[in-house]
Amino acid sequence: MNKPYTASLRLRDLAVNERPQERLEKHGPGALSDTELLAMLLRSGSKDLDVLSLSSRIISEAGSLAGLLTWTDSDFRKLKGIGRVKALQLITVMEMARRVLSDDRENPPNFSSPEEVYRHFIPMAAGLEVEKFWVLCLNRKNRLIKRIEVTSGTANSSLAHPREVYREAIRVSASGIICAHNHPSGDPAPSAADLKITHLLREAAKTVEIDLLDHVIIGKPQSDPLGRGYYSFSESGNI
């Protein structure tokens, strides 16, 4: 069980063999608590808090280490001792963690329902303040061949052009695609731009002979009137 550090606990109070770096070198990363792992990333604390105390405070604010996946640089910078550079380093690590969590090359996922698409994108969409538009390139059994990020900004007809969406799908010989994008507001209800791009993609699918299986909007259950956290164009009869 992870032992929390309090503000009264300073690095100088620890015996050499109890310090995170020494224990990491001797026993490996599995021997470190969540607080100690974060401390290894931070490397230093503030004038008032040593690095272990600062790490403990951050995890307490986030609720857990996993809770940091949703944090932005402004969330980190609210805490004394976290400046601009350190905040950017931390959100870089969190983005890497999200991508690792969503990547399963040895067992490519099978997408047979919009809920599975939603679960796949939860780690990537968590904490995003901009819209991203992704394409899942699938084989005949709806197993993932490749996932691509088409745009980052605002998902609309000018940013997510059918040419860009289908280019990689054609290259990897996909039988079908599923498009997905996130709504930072959390409300997955489709906008007029979402309806427009879906219509364009559906028409383009007939030309390239690659099935558009679905377009799923990723939101948050607490912001969804239906409590699901996603909207499926296929499920709603719009594809």
# chains A, B, ... in the order shown; residues from 1 in each chain; ligands from 1
$ residues_around --residues "Ile58 in chain A" --least-positions-apart "2" --cutoff "9 Å" --atoms "only C-alpha atoms" --output "tab-separated table (two decimals) with N, CA and C atoms, in the first residue's frame"
chain	number	residue	atom	x	y	z
A	35	THR	N	3.59	8.19	-5.13
A	35	THR	CA	4.21	9.47	-4.76
A	35	THR	C	5.68	9.50	-5.16
A	38	LEU	N	6.13	9.81	-9.03
A	38	LEU	CA	5.92	11.18	-9.48
A	38	LEU	C	7.08	12.07	-9.06
A	53	SER	N	6.75	15.78	-0.75
A	53	SER	CA	5.56	16.44	-0.24
A	53	SER	C	4.75	17.04	-1.38
A	54	LEU	N	5.44	17.64	-2.34
A	54	LEU	CA	4.77	18.21	-3.51
A	54	LEU	C	4.08	17.12	-4.32
A	55	SER	N	4.76	15.99	-4.50
A	55	SER	CA	4.17	14.86	-5.23
A	55	SER	C	2.91	14.35	-4.54
A	56	SER	N	2.99	14.24	-3.23
A	56	SER	CA	1.84	13.78	-2.46
A	56	SER	C	0.66	14.73	-2.62
A	60	SER	N	-2.98	13.91	-4.30
A	60	SER	CA	-4.16	14.15	-3.48
A	60	SER	C	-5.16	15.03	-4.20
A	61	GLU	N	-4.68	16.06	-4.89
A	61	GLU	CA	-5.55	16.96	-5.64
A	61	GLU	C	-6.23	16.22	-6.80
A	62	ALA	N	-5.49	15.31	-7.46
A	62	ALA	CA	-6.03	14.58	-8.61
A	62	ALA	C	-6.90	13.40	-8.20
A	63	GLY	N	-6.78	12.98	-6.94
A	63	GLY	CA	-7.55	11.83	-6.47
A	63	GLY	C	-6.81	10.52	-6.60
A	64	SER	N	-5.91	10.44	-7.56
A	64	SER	CA	-5.10	9.23	-7.79
A	64	SER	C	-4.08	9.57	-8.86
A	65	LEU	N	-3.12	8.65	-9.05
A	65	LEU	CA	-2.15	8.84	-10.11
A	65	LEU	C	-2.84	8.84	-11.47
A	68	LEU	N	-4.37	12.05	-12.93
A	68	LEU	CA	-3.52	13.05	-13.59
A	68	LEU	C	-3.63	12.98	-15.11
A	76	PHE	N	-1.69	21.71	-13.44
A	76	PHE	CA	-0.42	21.51	-12.74
A	76	PHE	C	0.13	22.84	-12.20
A	79	LEU	N	-0.47	24.64	-8.71
A	79	LEU	CA	0.23	24.23	-7.50
A	79	LEU	C	1.59	24.93	-7.41
$ residues_around --residues "range 146-148 of chain A" --least-positions-apart "5" --cutoff "6 Å" --atoms "only C-alpha atoms" --output "PDB file with N, CA and C atoms, in the first residue's frame"
ATOM      1  N   TRP A 134     -10.261  11.209 -35.514  1.00  0.00           N
ATOM      2  CA  TRP A 134      -9.518   9.969 -35.755  1.00  0.00           C
ATOM      3  C   TRP A 134     -10.252   9.073 -36.751  1.00  0.00           C
ATOM      4  N   VAL A 135      -9.474   8.184 -37.354  1.00  0.00           N
ATOM      5  CA  VAL A 135     -10.046   7.160 -38.228  1.00  0.00           C
ATOM      6  C   VAL A 135      -9.489   5.801 -37.828  1.00  0.00           C
ATOM      7  N   LEU A 136     -10.378   4.842 -37.635  1.00  0.00           N
ATOM      8  CA  LEU A 136     -10.003   3.456 -37.378  1.00  0.00           C
ATOM      9  C   LEU A 136     -10.116   2.690 -38.689  1.00  0.00           C
ATOM     10  N   CYS A 137      -8.988   2.192 -39.187  1.00  0.00           N
ATOM     11  CA  CYS A 137      -8.982   1.389 -40.412  1.00  0.00           C
ATOM     12  C   CYS A 137      -9.135  -0.076 -40.020  1.00  0.00           C
TER      13      CYS A 137
END
$ atom_distance --atom1 "CA of Asp214 in chain A" --atom2 "CA of Cys179 in chain A"
6.3 Å
$ select_by_dssp --residues "range 32-140 of chain A" --states "strand (DSSP E or B)" --output "ChimeraX atom specification"
/A:110,131-138
$ closest_residue --among "A:Gln21, A:Asn110, A:Ser173, A:Ser223" --to "Asp187 in chain A" --atoms "only C-alpha atoms"
A:Ser223
$ atom_distance --atom1 "CA of Ala126 in chain A" --atom2 "CA of Arg202 in chain A"
27.8 Å
$ closest_residue --among "A:Ser191, A:Ser46, A:Ser175, A:Ser234" --to "Glu115 in chain A" --atoms "only C-alpha atoms"
A:Ser234
$ residues_around --residues "range 229-232 of chain A" --least-positions-apart "4" --cutoff "10 Å" --atoms "only C-alpha atoms" --output "number ranges by chain"
A: 113-115, 117-119, 122, 180-183, 186-190, 214-225, 236-239
$ closest_residue --among "A:Met96, A:Gly127, A:Ser112, A:Arg167" --to "Asp75 in chain A" --atoms "only C-alpha atoms"
A:Gly127
$ select_by_dssp --residues "range 9-234 of chain A" --states "helix (DSSP H, G or I)" --output "ChimeraX atom specification"
/A:11-13,16-18,20-27,29-31,34-42,51-62,66-70,73-77,84-102,114-125,162-171,192-208,221-223
$ closest_residue --among "A:Val85, A:Leu138, A:Ala97, A:Leu212" --to "Leu69 in chain A" --atoms "only C-alpha atoms"
A:Ala97
$ residues_around --residues "Ile197 in chain A" --least-positions-apart "2" --cutoff "8 Å" --atoms "only C-alpha atoms" --output "PyMOL selection string"
chain A and resi 156-157+160-161+193-195+199-201
$ closest_residue --among "A:Thr207, A:Asn142, A:Ser185, A:Ser44" --to "Tyr166 in chain A" --atoms "only C-alpha atoms"
A:Thr207
$ residues_around --residues "Thr70 in chain A" --least-positions-apart "3" --cutoff "10 Å" --atoms "only C-alpha atoms" --output "compact mmCIF listing (two decimals) with N, CA and C atoms, in the first residue's frame"
# COMPACT_ATOMS: atom_id res chain seq x y z
N ALA A 62 -5.49 15.31 -7.46
CA ALA A 62 -6.03 14.58 -8.61
C ALA A 62 -6.90 13.40 -8.20
N ALA A 66 -3.82 7.94 -11.64
CA ALA A 66 -4.57 7.87 -12.90
C ALA A 66 -5.35 9.15 -13.16
N GLY A 67 -5.75 9.84 -12.10
CA GLY A 67 -6.49 11.08 -12.26
C GLY A 67 -5.69 12.16 -12.96
N ASP A 75 -3.74 23.03 -14.83
CA ASP A 75 -4.04 22.31 -13.58
C ASP A 75 -2.76 22.13 -12.77
N ILE A 91 2.57 17.10 -18.71
CA ILE A 91 1.48 16.78 -19.63
C ILE A 91 2.00 15.96 -20.82
N MET A 94 1.87 12.47 -19.51
CA MET A 94 0.49 12.01 -19.45
C MET A 94 -0.04 11.66 -20.85
N GLU A 95 0.37 12.43 -21.85
CA GLU A 95 -0.05 12.14 -23.22
C GLU A 95 0.58 10.82 -23.69
N ARG A 98 -1.44 8.05 -22.15
CA ARG A 98 -2.72 7.84 -22.84
C ARG A 98 -2.54 7.04 -24.10
N PRO A 123 -9.07 6.96 -23.10
CA PRO A 123 -7.74 7.43 -22.65
C PRO A 123 -7.20 8.59 -23.47
N MET A 124 -7.49 8.61 -24.78
CA MET A 124 -6.96 9.66 -25.65
C MET A 124 -7.73 10.96 -25.52
N ALA A 125 -9.03 10.86 -25.28
CA ALA A 125 -9.87 12.05 -25.22
C ALA A 125 -9.83 12.72 -23.85
N ALA A 126 -9.41 11.98 -22.82
CA ALA A 126 -9.42 12.52 -21.46
C ALA A 126 -8.57 13.79 -21.36
N GLY A 127 -9.19 14.87 -20.92
CA GLY A 127 -8.47 16.11 -20.68
C GLY A 127 -8.19 16.96 -21.89
N LEU A 128 -8.59 16.52 -23.09
CA LEU A 128 -8.33 17.31 -24.29
C LEU A 128 -9.17 18.58 -24.29
$ closest_residue --among "A:Gly176, A:Ala169, A:Gly81, A:Leu41" --to "Val93 in chain A" --atoms "only C-alpha atoms"
A:Leu41
$ residues_around --residues "Lys80 in chain A" --least-positions-apart "2" --cutoff "9 Å" --atoms "only C-alpha atoms" --output "NGL selection string"
:A and (45-46 or 48-49 or 54 or 76-78 or 82-83)
$ decode --residues "range 88-204 of chain A" --atoms "C-alpha atoms" --output "compact mmCIF listing (two decimals), in the first residue's frame"
# COMPACT_ATOMS: atom_id res chain seq x y z
CA LEU A 88 4.73 20.93 -19.99
CA GLN A 89 6.98 17.99 -19.12
CA LEU A 90 4.23 16.44 -17.01
CA ILE A 91 1.48 16.78 -19.63
CA THR A 92 3.90 15.24 -22.16
CA VAL A 93 4.28 12.21 -19.90
CA MET A 94 0.49 12.01 -19.45
CA GLU A 95 -0.05 12.14 -23.22
CA MET A 96 2.46 9.32 -23.67
CA ALA A 97 0.59 7.30 -21.03
CA ARG A 98 -2.72 7.84 -22.84
CA ARG A 99 -1.26 6.65 -26.12
CA VAL A 100 0.33 3.57 -24.56
CA LEU A 101 -2.97 2.66 -22.86
CA SER A 102 -4.81 2.86 -26.17
CA ASP A 103 -2.27 0.82 -28.16
CA ASP A 104 -2.65 -2.96 -28.25
CA ARG A 105 -0.71 -4.25 -31.23
CA GLU A 106 -0.54 -7.89 -30.17
CA ASN A 107 -4.30 -8.12 -29.68
CA PRO A 108 -5.91 -5.64 -32.07
CA PRO A 109 -9.37 -4.71 -30.83
CA ASN A 110 -12.56 -5.72 -32.58
CA PHE A 111 -15.03 -2.90 -33.02
CA SER A 112 -18.52 -4.36 -33.17
CA SER A 113 -20.35 -1.63 -31.26
CA PRO A 114 -20.11 2.13 -30.67
CA GLU A 115 -19.56 1.47 -26.97
CA GLU A 116 -16.32 -0.37 -27.82
CA VAL A 117 -15.23 2.60 -29.93
CA TYR A 118 -16.02 4.92 -27.02
CA ARG A 119 -14.01 2.79 -24.55
CA HIS A 120 -11.07 2.72 -26.97
CA PHE A 121 -10.90 6.50 -27.18
CA ILE A 122 -11.50 7.36 -23.52
CA PRO A 123 -7.74 7.43 -22.65
CA MET A 124 -6.96 9.66 -25.65
CA ALA A 125 -9.87 12.05 -25.22
CA ALA A 126 -9.42 12.52 -21.46
CA GLY A 127 -8.47 16.11 -20.68
CA LEU A 128 -8.33 17.31 -24.29
CA GLU A 129 -9.27 20.97 -24.72
CA VAL A 130 -9.45 20.78 -28.52
CA GLU A 131 -11.30 18.49 -30.90
CA LYS A 132 -9.40 15.70 -32.59
CA PHE A 133 -10.64 13.61 -35.49
CA TRP A 134 -9.52 9.97 -35.76
CA VAL A 135 -10.05 7.16 -38.23
CA LEU A 136 -10.00 3.46 -37.38
CA CYS A 137 -8.98 1.39 -40.41
CA LEU A 138 -10.52 -2.08 -40.10
CA ASN A 139 -10.32 -5.46 -41.82
CA ARG A 140 -13.32 -7.57 -42.86
CA LYS A 141 -13.74 -8.84 -39.28
CA ASN A 142 -13.79 -5.28 -37.92
CA ARG A 143 -10.38 -5.72 -36.32
CA LEU A 144 -8.10 -2.72 -36.17
CA ILE A 145 -5.43 -2.44 -38.85
CA LYS A 146 -4.37 1.08 -38.05
CA ARG A 147 -5.59 4.14 -36.17
CA ILE A 148 -4.76 7.55 -37.55
CA GLU A 149 -5.27 11.07 -36.24
CA VAL A 150 -6.52 13.14 -39.16
CA THR A 151 -6.83 16.56 -37.57
CA SER A 152 -6.46 18.39 -34.30
CA GLY A 153 -8.40 21.57 -33.73
CA THR A 154 -12.08 21.68 -34.64
CA ALA A 155 -13.74 18.75 -36.36
CA ASN A 156 -15.58 20.19 -39.35
CA SER A 157 -15.84 19.68 -43.06
CA SER A 158 -12.77 21.79 -43.87
CA LEU A 159 -10.46 20.08 -41.36
CA ALA A 160 -11.67 16.51 -41.83
CA HIS A 161 -11.80 16.27 -45.61
CA PRO A 162 -12.84 12.89 -47.09
CA ARG A 163 -9.58 12.79 -49.04
CA GLU A 164 -7.57 12.85 -45.80
CA VAL A 165 -9.89 10.39 -44.08
CA TYR A 166 -9.74 7.73 -46.80
CA ARG A 167 -6.13 8.17 -47.96
CA GLU A 168 -4.59 5.93 -45.29
CA ALA A 169 -7.52 3.51 -45.36
CA ILE A 170 -6.83 2.91 -49.05
CA ARG A 171 -3.10 2.51 -48.43
CA VAL A 172 -3.59 -0.21 -45.78
CA SER A 173 -6.33 -1.95 -47.81
CA ALA A 174 -8.99 -1.43 -45.16
CA SER A 175 -12.40 -2.95 -45.76
CA GLY A 176 -14.14 -0.39 -43.59
CA ILE A 177 -13.54 2.60 -41.38
CA ILE A 178 -14.99 4.08 -38.22
CA CYS A 179 -14.52 7.79 -37.65
CA ALA A 180 -14.45 9.32 -34.20
CA HIS A 181 -13.92 12.73 -32.72
CA ASN A 182 -14.24 14.23 -29.28
CA HIS A 183 -16.30 17.10 -27.90
CA PRO A 184 -14.27 18.86 -25.17
CA SER A 185 -17.53 20.17 -23.68
CA GLY A 186 -18.48 16.58 -22.88
CA ASP A 187 -21.84 16.80 -24.65
CA PRO A 188 -21.72 14.27 -27.52
CA ALA A 189 -24.74 15.70 -29.38
CA PRO A 190 -23.77 16.24 -33.06
CA SER A 191 -23.33 19.75 -34.41
CA ALA A 192 -24.28 20.94 -37.91
CA ALA A 193 -20.61 20.53 -38.91
CA ASP A 194 -20.62 16.95 -37.58
CA LEU A 195 -23.69 16.14 -39.68
CA LYS A 196 -22.11 17.72 -42.75
CA ILE A 197 -18.80 15.85 -42.57
CA THR A 198 -20.61 12.56 -41.94
CA HIS A 199 -22.74 13.10 -45.05
CA LEU A 200 -19.62 13.87 -47.13
CA LEU A 201 -17.83 10.79 -45.80
CA ARG A 202 -20.83 8.58 -46.52
CA GLU A 203 -20.93 9.78 -50.14
CA ALA A 204 -17.16 9.36 -50.56
